[in-house]
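Novice: This is the structure I have questions about; it appears just below.
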Amino acid sequence: PMAFADCVAWARANFESLFNNAIQQLLFNFPHDSTLSSGQPFWSPPKRAPDAIAFDPSNDLHVDFVMAAANLHAFNYGLKGSRDREHIRQAAAVIEVPKFEPKSGVKIQVNENEDMGSGTDADANKLSELIASLPDPAAYAGVRLEPADFEKDDDSNFHIDFITAASNLRASNYGIALADRFRTKQIAGKIIPAIATTTSLVTGLVCLELYKLVGSVSADGQTQRKLEDYKNGFANLALPFFAFSEPIPPAKTKFKDTEFTEWDSFDYDHDVTLQELVDDFEKKYELELTMISSDVSMLYATFYPKKKAEARLQMKASEALKSVTGKDAPAHVKWMLMDVCCEDKDGEDVDVPSIRVKIRD
């Protein structure tokens with residue numbers, strides 16, 4: 001696909017293949033009135049005769065599938081997706097798909113233990129046809145595919161939306177009751193409901209700690225509570241056992257005359273360039289930044305070739321990250337976290353807090 005419109009066409013074609021053509025082919029091989037050699041109806045329990053589904057742009061479930069599938073396909077190919085439901089509905093409505101023509105000689109597995117003749121000449125011929133249909137790799141030299149790792153808790157990635165739409169369409173084929181998005185998320189994400197009493201207890205203890213945080217910071221950013229005001233809670237309802245303890249303070253590291261912990265950071269309220277960071281550390285702290293990284297991506301290092309180092313220093317933090325990873329920071333990320341390596345005037349390594357740069361409002 002070269003544009004999102006191609007992804008919509010791909011999704012529409014897959015709808016036709018999965019929920020219409022495949023069912024019609026199945027019914028062509030085994031019509032509703034087909035019988036076994038014993039005279040018993042083929043479509044008898046536990047088997048259930050399906051019904052093909054014709055695409056209907058006015059049906060929200062049909063549009064849900066096309067929108068989710070198109071966006072997932074676009075993500076795979078690094079294309080920008082779309083949440084414009086009406087645009088996708090109208091685009092899918094005018095896409096022409098080939099009329100279904102039943103194929104004779106198609107063998108469909110009836111029972112799980114039925115031998116489908118794997119390893120036959122027919123399979124070898126089909127494999128040869130697939131290999132021959134592959135495009136010339138040179139024509140896709142610049143294409144970079146991105147796998148979509150399943151994540152149930154991100155509502156913006158269309159993963160649960162696709163599973164919900166696809167499973168409900170297959171359920172519609174077989175007259176099975178549909179499931180809502182929450183139920184689908186529970187099944188696909190293997191979410192096991194916790195015992196209500198334990199959940200209530202843990203929630204209550206967490207909220208008690210949250211109450212201590214609310215309003216405990218003064219206008220100048222200083223906390224009004226001591227560490228011993230907070231508590232870790234331990235509970236085992238089976239014993240029963242309840243215990244509370246004071247949390248352990250984080251380890252402190254000294255930087256010049258300031259102590260800091262892993263919770264501290266240098267914050268910049270705008271998307272600074274790497275040169276600004278280098279200059280700021282040299283001016284304020286008399287330190288030389290020898291390396292700047294974000295997660296596993298190295299953004300700058302003094303051992304870089306001169307031209308590469310100079311070019312990277314002129315980039316903003318978000319631009320440098322995109323230059324290394326090939327993609328923008330996720331849309332929900334507003335602050336970019338960076339770690340740096342520093343040396344003082346004597347060439348000694350100095351530990352400093354992480355750096356947070358605001359890249360979006």
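Going by the structure tokens order, chains are called A, B, ..., each with residues numbered from 1, while ligands are numbered from 1 in the order shown.
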Hey, which bits of stretch 217-306 of chain A sit within 12 Å of stretch 339-349 of chain A, and for each residue what's the closest pair of atoms and how far apart in Å (one decimal), counting only C-alpha atoms, rows by chain and increasing number, as CSV?

Specialist:
```
residue,atom,partner,partner_atom,distance
A:Phe255,CA,A:Asp344,CA,11.3
A:Lys256,CA,A:Asp344,CA,10.8
A:Glu262,CA,A:Asp339,CA,11.5
A:Ser265,CA,A:Asp339,CA,9.7
A:Phe266,CA,A:Asp339,CA,10.2
A:Leu274,CA,A:Val340,CA,11.1
A:Leu277,CA,A:Val340,CA,10.0
A:Val278,CA,A:Cys342,CA,9.9
A:Phe281,CA,A:Cys342,CA,9.0
A:Glu282,CA,A:Asp344,CA,9.3
A:Tyr285,CA,A:Asp344,CA,8.7
A:Glu286,CA,A:Asp344,CA,6.6
A:Leu287,CA,A:Asp344,CA,4.9
A:Glu288,CA,A:Glu343,CA,5.3
A:Leu289,CA,A:Cys342,CA,4.6
A:Thr290,CA,A:Cys341,CA,5.6
A:Met291,CA,A:Cys341,CA,5.1
A:Ile292,CA,A:Val340,CA,4.6
A:Ser293,CA,A:Asp339,CA,5.4
A:Ser294,CA,A:Asp339,CA,6.2
A:Asp295,CA,A:Asp339,CA,7.9
A:Val296,CA,A:Asp339,CA,10.1
A:Ser297,CA,A:Asp339,CA,10.3
A:Met298,CA,A:Asp339,CA,9.6
A:Leu299,CA,A:Val340,CA,10.0
A:Tyr300,CA,A:Val340,CA,9.5
A:Ala301,CA,A:Cys341,CA,9.1
A:Thr302,CA,A:Cys341,CA,10.4
```

Novice: Each residue of stretch 293-361 of chain A lying at most 12 Å from stretch 65-83 of chain A should get a row with its shortest atom-to-atom pair and the distance in Å to one decimal, counting only C-alpha atoms; could you produce that, ordered by chain and increasing number, as JSON lines?

Specialist:
```
{"residue": "A:Gly326", "atom": "CA", "partner": "A:Gly78", "partner_atom": "CA", "distance": 9.9}
{"residue": "A:Lys327", "atom": "CA", "partner": "A:Gly78", "partner_atom": "CA", "distance": 8.6}
{"residue": "A:Asp328", "atom": "CA", "partner": "A:Gly78", "partner_atom": "CA", "distance": 10.9}
```

Novice: Could those selected residues go to a file with all heavy atoms, as a PDB file, in the first residue's frame?

Specialist:
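In the end it all went to out_21.pdb:
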```pdb
ATOM      1  N   GLY A 326      13.669   6.403  13.378  1.00  0.00           N
ATOM      2  CA  GLY A 326      12.894   6.396  12.139  1.00  0.00           C
ATOM      3  C   GLY A 326      11.416   6.656  12.341  1.00  0.00           C
ATOM      4  O   GLY A 326      10.630   6.552  11.400  1.00  0.00           O
ATOM      5  N   LYS A 327      10.995   7.016  13.559  1.00  0.00           N
ATOM      6  CA  LYS A 327       9.584   7.293  13.806  1.00  0.00           C
ATOM      7  C   LYS A 327       9.446   8.309  14.937  1.00  0.00           C
ATOM      8  O   LYS A 327      10.342   8.470  15.768  1.00  0.00           O
ATOM      9  CB  LYS A 327       8.835   6.005  14.162  1.00  0.00           C
ATOM     10  CG  LYS A 327       9.409   5.246  15.338  1.00  0.00           C
ATOM     11  CD  LYS A 327       8.688   3.930  15.546  1.00  0.00           C
ATOM     12  CE  LYS A 327       9.284   3.155  16.717  1.00  0.00           C
ATOM     13  NZ  LYS A 327       8.603   1.847  16.911  1.00  0.00           N
ATOM     14  N   ASP A 328       8.307   9.004  14.939  1.00  0.00           N
ATOM     15  CA  ASP A 328       8.030   9.994  15.970  1.00  0.00           C
ATOM     16  C   ASP A 328       7.751   9.309  17.301  1.00  0.00           C
ATOM     17  O   ASP A 328       7.383   8.128  17.346  1.00  0.00           O
ATOM     18  CB  ASP A 328       6.816  10.852  15.581  1.00  0.00           C
ATOM     19  CG  ASP A 328       7.112  11.752  14.387  1.00  0.00           C
ATOM     20  OD1 ASP A 328       8.161  12.406  14.389  1.00  0.00           O
ATOM     21  OD2 ASP A 328       6.284  11.791  13.453  1.00  0.00           O
TER      22      ASP A 328
END
```

Novice: Identify which of the residues A:Lys126, A:Arg183, A:Lys231, A:Arg170 lies closest to A:Val206, counting only C-alpha atoms when measuring atom-to-atom distances.

Specialist: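 Selected residue with least distance to A:Val206: A:Lys231.
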
Novice: Among stretch 130-348 of chain A, which ones does DSSP place in alpha helix (DSSP H), written as a VMD selection string?

Specialist: chain A and resid 130 to 133 159 to 173 181 to 188 196 to 213 274 to 285 306 to 313 317 to 325

Novice: Which of these residues is nearest to A:Leu26, using only C-alpha atoms: A:Cys207, A:Ala11, A:Ala52, A:Leu227?

Specialist: A:Ala52

Novice: With DSSP run on the backbone, what are the strand (DSSP E or B) residues within stretch 46-270 of chain A? I'd like them as a list in words.

Specialist: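 The strand (DSSP E or B) subset of stretch 46-270 of chain A is Val217, Thr223, Asn232, Gly233, Phe234, Ala235, Asn236, Phe241, Phe242, Ala243, Phe244, Ser245, Thr253, Lys254, Phe255, Thr258, Glu259, Phe260, Ser265, Phe266, Asp267 and Tyr268 of chain A.
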